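Enquirer: I'm passing along start11.csv; it holds CSV, C-alpha atoms.
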chain,number,residue,atom,x,y,z
N,10,GLN,CA,26.9,-6.2,55.8
N,11,VAL,CA,25.2,-2.8,55.9
N,12,GLN,CA,25.9,0.0,53.4
N,13,LEU,CA,25.1,3.5,54.5
N,14,VAL,CA,24.7,6.5,52.3
N,15,GLU,CA,24.2,10.0,53.7
N,16,SER,CA,22.6,13.0,52.0
N,17,GLY,CA,21.3,16.4,52.9
N,18,GLY,CA,24.4,18.3,53.9
N,19,GLY,CA,25.1,21.8,52.7
N,20,SER,CA,25.8,25.4,53.7
N,21,VAL,CA,23.5,27.5,55.9
N,22,GLN,CA,23.6,30.6,57.9
N,23,ALA,CA,23.6,30.5,61.7
N,24,GLY,CA,20.1,29.9,62.9
N,25,GLY,CA,19.1,28.0,59.9
N,26,SER,CA,18.1,24.3,59.5
N,27,LEU,CA,19.2,21.3,57.6
N,28,ARG,CA,17.9,17.7,57.4
N,29,LEU,CA,20.3,14.9,56.9
N,30,SER,CA,19.3,11.5,55.7
N,31,CYS,CA,21.0,8.1,55.8
N,32,ALA,CA,19.8,5.3,53.6
N,33,ALA,CA,20.8,1.8,54.8
N,34,SER,CA,20.9,-1.1,52.5
N,35,GLU,CA,21.5,-4.8,53.4
N,36,ASP,CA,20.8,-8.2,52.1
N,37,THR,CA,18.7,-9.1,55.1
N,38,TYR,CA,17.0,-6.5,57.3
N,39,SER,CA,18.5,-6.4,60.8
N,40,ARG,CA,17.5,-4.5,63.9
N,41,LYS,CA,20.0,-1.8,64.4
N,42,CYS,CA,21.2,0.9,66.7
N,43,MET,CA,21.9,3.9,64.4
N,44,GLY,CA,23.5,7.2,65.0
N,45,TRP,CA,25.0,10.4,63.8
N,46,PHE,CA,28.6,11.4,64.5
N,47,ARG,CA,30.5,14.5,63.4
N,48,GLN,CA,34.1,15.4,62.9
N,49,ALA,CA,35.4,19.0,62.6
N,50,PRO,CA,38.9,19.7,61.3
N,51,GLY,CA,41.5,18.9,63.9
N,52,LYS,CA,39.0,17.4,66.3
N,53,GLU,CA,38.0,13.9,67.3
N,54,ARG,CA,34.8,12.3,65.9
N,55,GLU,CA,32.1,12.8,68.4
N,56,GLY,CA,28.7,11.3,68.8
N,57,VAL,CA,25.7,13.6,68.1
N,58,ALA,CA,22.6,11.4,68.4
N,59,ILE,CA,21.7,7.8,68.4
N,60,ILE,CA,18.4,5.9,68.1
N,61,ASP,CA,17.7,2.3,68.8
N,62,TYR,CA,15.2,0.0,66.9
N,63,TYR,CA,12.6,0.7,69.6
N,64,GLY,CA,12.8,4.5,69.2
N,65,ILE,CA,14.9,5.4,72.3
N,66,THR,CA,17.1,8.3,71.6
N,67,ARG,CA,20.2,9.9,73.1
N,68,TYR,CA,21.9,13.2,72.3
N,69,VAL,CA,25.1,14.9,73.1
N,70,ASP,CA,24.4,17.9,75.4
N,71,SER,CA,25.4,20.5,72.9
N,72,VAL,CA,22.6,19.6,70.5
N,73,LYS,CA,19.7,18.9,72.9
N,74,GLY,CA,16.7,20.9,72.0
N,75,ARG,CA,18.0,21.8,68.5
N,76,PHE,CA,18.5,18.4,66.8
N,77,THR,CA,16.1,15.6,66.4
N,78,VAL,CA,17.0,12.1,65.3
N,79,SER,CA,14.4,9.8,63.9
N,80,SER,CA,14.2,6.7,61.8
N,81,HIS,CA,11.8,5.0,59.3
N,82,SER,CA,12.0,1.2,59.7
N,83,VAL,CA,10.2,0.4,56.5
N,84,LYS,CA,12.4,2.7,54.4
N,85,ASN,CA,15.4,1.7,56.5
N,86,THR,CA,16.4,5.3,56.7
N,87,LEU,CA,17.8,7.5,59.5
N,88,TYR,CA,17.3,11.2,59.7
N,89,LEU,CA,18.8,14.1,61.6
N,90,GLN,CA,16.8,17.3,61.7
N,91,MET,CA,19.1,20.1,62.7
N,92,ASP,CA,17.5,23.5,63.7
N,93,SER,CA,19.0,26.6,65.2
N,94,LEU,CA,22.4,25.7,63.7
N,95,LYS,CA,25.5,27.3,65.1
N,96,PRO,CA,28.9,27.8,63.6
N,97,GLU,CA,30.3,25.2,66.0
N,98,ASP,CA,28.0,22.6,64.4
N,99,ALA,CA,30.0,22.7,61.2
N,100,ALA,CA,31.6,19.4,60.5
N,101,VAL,CA,31.5,16.3,58.4
N,102,TYR,CA,28.5,14.3,59.6
N,103,TYR,CA,28.6,10.5,59.5
N,104,CYS,CA,25.9,8.0,59.7
N,105,ALA,CA,26.7,4.8,61.7
N,106,ALA,CA,25.1,1.5,62.5
N,107,ASP,CA,25.5,-1.3,65.0
N,108,THR,CA,23.9,-4.7,64.4
N,109,THR,CA,25.4,-6.5,67.4
N,110,ARG,CA,22.9,-5.6,70.1
N,111,ARG,CA,19.6,-6.8,68.6
N,112,GLY,CA,18.5,-3.2,68.0
N,113,TYR,CA,19.6,-1.8,71.3
N,114,CYS,CA,22.2,0.9,71.7
N,115,ASN,CA,25.0,0.7,74.1
N,116,ASP,CA,25.2,3.4,76.7
N,117,GLY,CA,26.9,6.5,75.6
N,118,LEU,CA,27.6,7.8,72.1
N,119,LEU,CA,30.9,6.0,71.4
N,120,ARG,CA,32.2,5.6,67.9
N,121,TYR,CA,33.7,2.3,68.9
N,122,ASP,CA,30.3,0.7,69.3
N,123,PHE,CA,29.5,1.1,65.6
N,124,GLY,CA,30.9,-1.2,62.9
N,125,TYR,CA,29.3,0.4,59.8
N,126,TRP,CA,29.9,3.9,58.6
N,127,GLY,CA,28.8,6.1,55.7
N,128,GLN,CA,31.1,8.3,53.7
N,129,GLY,CA,30.0,11.5,55.4
N,130,THR,CA,28.3,14.7,54.4
N,131,GLN,CA,29.6,18.2,54.9
N,132,VAL,CA,27.7,20.7,57.0
N,133,THR,CA,28.9,24.3,56.9
N,134,VAL,CA,27.4,27.0,59.1
N,135,SER,CA,28.3,30.6,58.5
N,136,SER,CA,28.0,33.3,61.2
Could the structure of this file be written out as structure tokens, please?
Expert:
Amino acid sequence: QVQLVESGGGSVQAGGSLRLSCAASEDTYSRKCMGWFRQAPGKEREGVAIIDYYGITRYVDSVKGRFTVSSHSVKNTLYLQMDSLKPEDAAVYYCAADTTRRGYCNDGLLRYDFGYWGQGTQVTVSS
């Protein structure tokens, strides 16, 4: 079992920055693929960025060059640095983890690959 708790959401103006954090807790540390997803009102939850245990990252095209996903293995924490935010980035952001692939991420940014989810944190971007 992995418990995930996000923090760092808030309201910013377009062009601003936010840093999201996700603290993972578990009885026994496991190598994980971790990722950030987001869901805007009336839209499907979409993958934003993922990172595997070995540091390999993938991003959805709309955030490439603006968002950076990273992780701290000792702290068991995932981060998402979001720069040059746009109104279309506004959503509830969710942290997710997959422990079934020994630290590797499956191809793509598919929500169905992740079995553990945080409660979400709201990001609002005003124009």
Enquirer: Which is closest to Asp98 in chain N among N:Val134, N:Leu13, N:Cys31, N:Ile59, if we use all atoms listed in the file?
Expert: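 Selected residue with least distance to Asp98 in chain N: N:Val134.
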Enquirer: Rank N:Phe76, N:Tyr121, N:Tyr113, N:Tyr38 by their smallest atom-to-atom distance to Asp92 in chain N, using only C-alpha atoms, and report the top residue only.
Expert: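 Ranked by minimum distance to Asp92 in chain N, first place goes to N:Phe76.
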Enquirer: Excluding same-chain residues fewer than 4 positions from Glu55 in chain N, what lies within 10 Å of it counting only C-alpha atoms, as a list in words?
Expert: Trp45, Phe46, Arg47, Gln48, Ala49, Val69, Tyr102, Tyr103, Leu118, Leu119 and Arg120 of chain N
Enquirer: If you count only C-alpha atoms, which residues fall within 12 Å of Glu35 in chain N, apart from same-chain ones fewer than 4 positions away, as a list of chain:residue names?
Expert: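 Neighbouring residues, sequence-local ones excluded: N:Gln10, N:Val11, N:Gln12, N:Leu13, N:Val14, N:Ser39, N:Arg40, N:Lys41, N:Lys84, N:Asn85, N:Thr86, N:Ala106, N:Thr108, N:Tyr125.
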Enquirer: I'd like the neighbourhood of Leu27 in chain N as a count of residues only, where a residue qualifies if any of its atoms comes within 8 Å (using all atoms listed in the file), though same-chain residues fewer than 5 positions away should be ignored.
Expert: 7
Enquirer: One decimal, Å: what's the distance from CA of Ala99 in chain N over to CA of Ala33 in chain N, could you say?
Expert: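 For CA of Ala99 in chain N relative to CA of Ala33 in chain N, the distance reads 23.7 Å.
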Enquirer: If you measure from CA of Pro50 in chain N to CA of Trp126 in chain N, what distance in Å do you get, rounded to one decimal?
Expert: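 Going from CA of Pro50 in chain N over to CA of Trp126 in chain N, I get 18.4 Å.
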Enquirer: Identify which of the residues N:Val72, N:Tyr62, N:Glu15, N:Gln22 lies closest to Arg110 in chain N, counting only C-alpha atoms when measuring atom-to-atom distances.
Expert: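 Smallest separation from Arg110 in chain N among the options: N:Tyr62.
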Enquirer: Given all atoms listed in the file as the basis, pick out the residue of N:Val78, N:Leu29, N:Ala100, N:Cys42 nearest to Ala58 in chain N.
Expert: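 Nearest to Ala58 in chain N: N:Val78.
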Enquirer: What is the CA of Gly127 in chain N-CA of Lys73 in chain N distance in Å, reported with one decimal?
Expert: 23.3 Å
Enquirer: Please write as a list in words the list of polymer residues whose atoms come within 6 Å of (28.5, 16.6, 55.3), counting all atoms listed in the file and keeping to the coordinates of the file.
Expert: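 Within the cut-off we find Gly18, Val101, Tyr102, Gly129, Thr130, Gln131 and Val132 of chain N.
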Enquirer: Could you dump the residues just selected with C-alpha atoms as a compact mmCIF listing (two decimals), in the coordinates of the input?
Expert:
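result-v5.txt, written as the output of this step:
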# COMPACT_ATOMS: atom_id res chain seq x y z
CA GLY N 18 24.40 18.30 53.90
CA VAL N 101 31.50 16.30 58.40
CA TYR N 102 28.50 14.30 59.60
CA GLY N 129 30.00 11.50 55.40
CA THR N 130 28.30 14.70 54.40
CA GLN N 131 29.60 18.20 54.90
CA VAL N 132 27.70 20.70 57.00
Enquirer: For each of N:Thr133, N:Thr66, N:Ser82, N:Ser93, take the minimum atom-to-atom distance to Gly25 in chain N, counting only C-alpha atoms, then give the residue where this is smallest.
Expert: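 Among the listed residues, the smallest separation from Gly25 in chain N belongs to N:Ser93.
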Enquirer: So which one's closest to Gly117 in chain N, N:Arg67, N:Lys95, N:Lys52, N:Arg28? Using only C-alpha atoms, please.
Expert: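 That would be N:Arg67, the residue with the smallest distance to Gly117 in chain N.
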